[in-house]
Amino acid sequence: MQRAAVRKGIQIEQISIAWMVVEAGVALWAGLQAHSIVLIAFGADSIIELIAGFVLLWRLGLEARGASLERVQRAERSAAWIVGGALFLLAVYILVSAGHALWTHSGADASLPGLGLSLASGLLMPFLASAKKRIGAEIGSQALKADGACSIVCAYMAWTVLAGVLLTAWFGWWWADSVAALALVYFVIKEGLEAIREAQGKEDT
């Protein structure tokens, strides 16, 4: 029963990683094309989540093979420090870039690929989050449940990105992209703090 649940966890994590590859690629490409800070930040966050997903997939794979989790937990903590630090750097990038764009009155172009991506991600991520939390509870994996929480944050970010893209496309508000990017800072720092707490071995609250 336990191994079957772990295999389900591996499958849902593989789906999540595949989507993160698409999400990161499309968001970065669309962001560069449209000069959109919010899309570039969304793509960068997807890359960070992709790294965390690979670490978690490796951990689940070892558990499926019956290996000891002691060294995997050490690796998880190391990865959590890396992910946490990268997220804080991303928050700094958003603050500096968005602040500069607002200061210079630089706006982003409308982006149809960004619109489609954020809508698809906003619909898919809650489903993945629910599956990760359910399976994480079945196998007693705090890491998988925490990853499910990150997927919910990703959904919030997607809807924020969608709002910024729509306001730019519909009304031509040059500042909408930067304001939406600044709204992402809350979610990025929240993820960063959770990663640091995991690295310190503290319970996720």
# chains A, B, ... in the order shown; residues from 1 in each chain; ligands from 1
call {"tool": "residues_around", "arguments": {"residues": "Ala86 (chain A)", "least_positions_apart": "6", "cutoff": "12 Å", "atoms": "only C-alpha atoms", "output": "number ranges by chain"}}
result
A: 41, 44-49, 51-52, 79-80, 92-93, 188-189, 191-193, 195-196
call {"tool": "residues_around", "arguments": {"residues": "Ala169 (chain A)", "least_positions_apart": "6", "cutoff": "9 Å", "atoms": "only C-alpha atoms", "output": "MDAnalysis selection string"}}
result
chainID A and resid 109:112
call {"tool": "atom_distance", "arguments": {"atom1": "CA of Phe127 (chain A)", "atom2": "CA of Asp147 (chain A)"}}
result
12.7 Å
call {"tool": "atom_distance", "arguments": {"atom1": "CA of Gly116 (chain A)", "atom2": "CA of Ala146 (chain A)"}}
result
26.8 Å
call {"tool": "residues_around", "arguments": {"residues": "Ser151 (chain A)", "least_positions_apart": "5", "cutoff": "9 Å", "atoms": "only C-alpha atoms", "output": "JSON, numbers by chain"}}
result
{"A": [16, 49, 125, 126, 127, 128, 129, 130, 132, 146, 156]}
call {"tool": "residues_around", "arguments": {"residues": "region 120-124 of chain A", "least_positions_apart": "4", "cutoff": "6 Å", "atoms": "only C-alpha atoms", "output": "compact mmCIF listing (two decimals) with N, CA and C atoms, in the first residue's frame"}}
result
# COMPACT_ATOMS: atom_id res chain seq x y z
N ALA A 155 -0.24 28.76 -8.35
CA ALA A 155 -1.55 29.11 -8.92
C ALA A 155 -1.89 30.57 -8.63
N ALA A 158 0.07 32.65 -10.92
CA ALA A 158 -0.45 32.59 -12.29
C ALA A 158 -1.61 33.57 -12.47
N TRP A 159 -2.51 33.63 -11.49
CA TRP A 159 -3.65 34.54 -11.60
C TRP A 159 -3.21 35.99 -11.49
call {"tool": "closest_residue", "arguments": {"among": "A:Val185, A:Leu167, A:Val179, A:Leu57", "to": "Leu89 (chain A)", "atoms": "only C-alpha atoms"}}
result
A:Val185
call {"tool": "atom_distance", "arguments": {"atom1": "CA of Lys133 (chain A)", "atom2": "CA of Gly148 (chain A)"}}
result
5.3 Å
call {"tool": "closest_residue", "arguments": {"among": "A:Ala108, A:Leu60, A:Ile15, A:Leu28", "to": "Trp173 (chain A)", "atoms": "only C-alpha atoms"}}
result
A:Ala108
call {"tool": "closest_residue", "arguments": {"among": "A:Lys8, A:Gly107, A:Ala131, A:Leu166", "to": "Ser36 (chain A)", "atoms": "only C-alpha atoms"}}
result
A:Gly107
call {"tool": "residues_around", "arguments": {"residues": "Val55 (chain A)", "least_positions_apart": "3", "cutoff": "12 Å", "atoms": "only C-alpha atoms", "output": "count of residues only"}}
result
28
call {"tool": "residues_around", "arguments": {"residues": "Ala101 (chain A)", "least_positions_apart": "2", "cutoff": "10 Å", "atoms": "only C-alpha atoms", "output": "PyMOL selection string"}}
result
chain A and resi 37+95-99+103-108+174-175+177-179
call {"tool": "closest_residue", "arguments": {"among": "A:Ala30, A:Leu182, A:Ala18, A:Ile12", "to": "His100 (chain A)", "atoms": "only C-alpha atoms"}}
result
A:Leu182
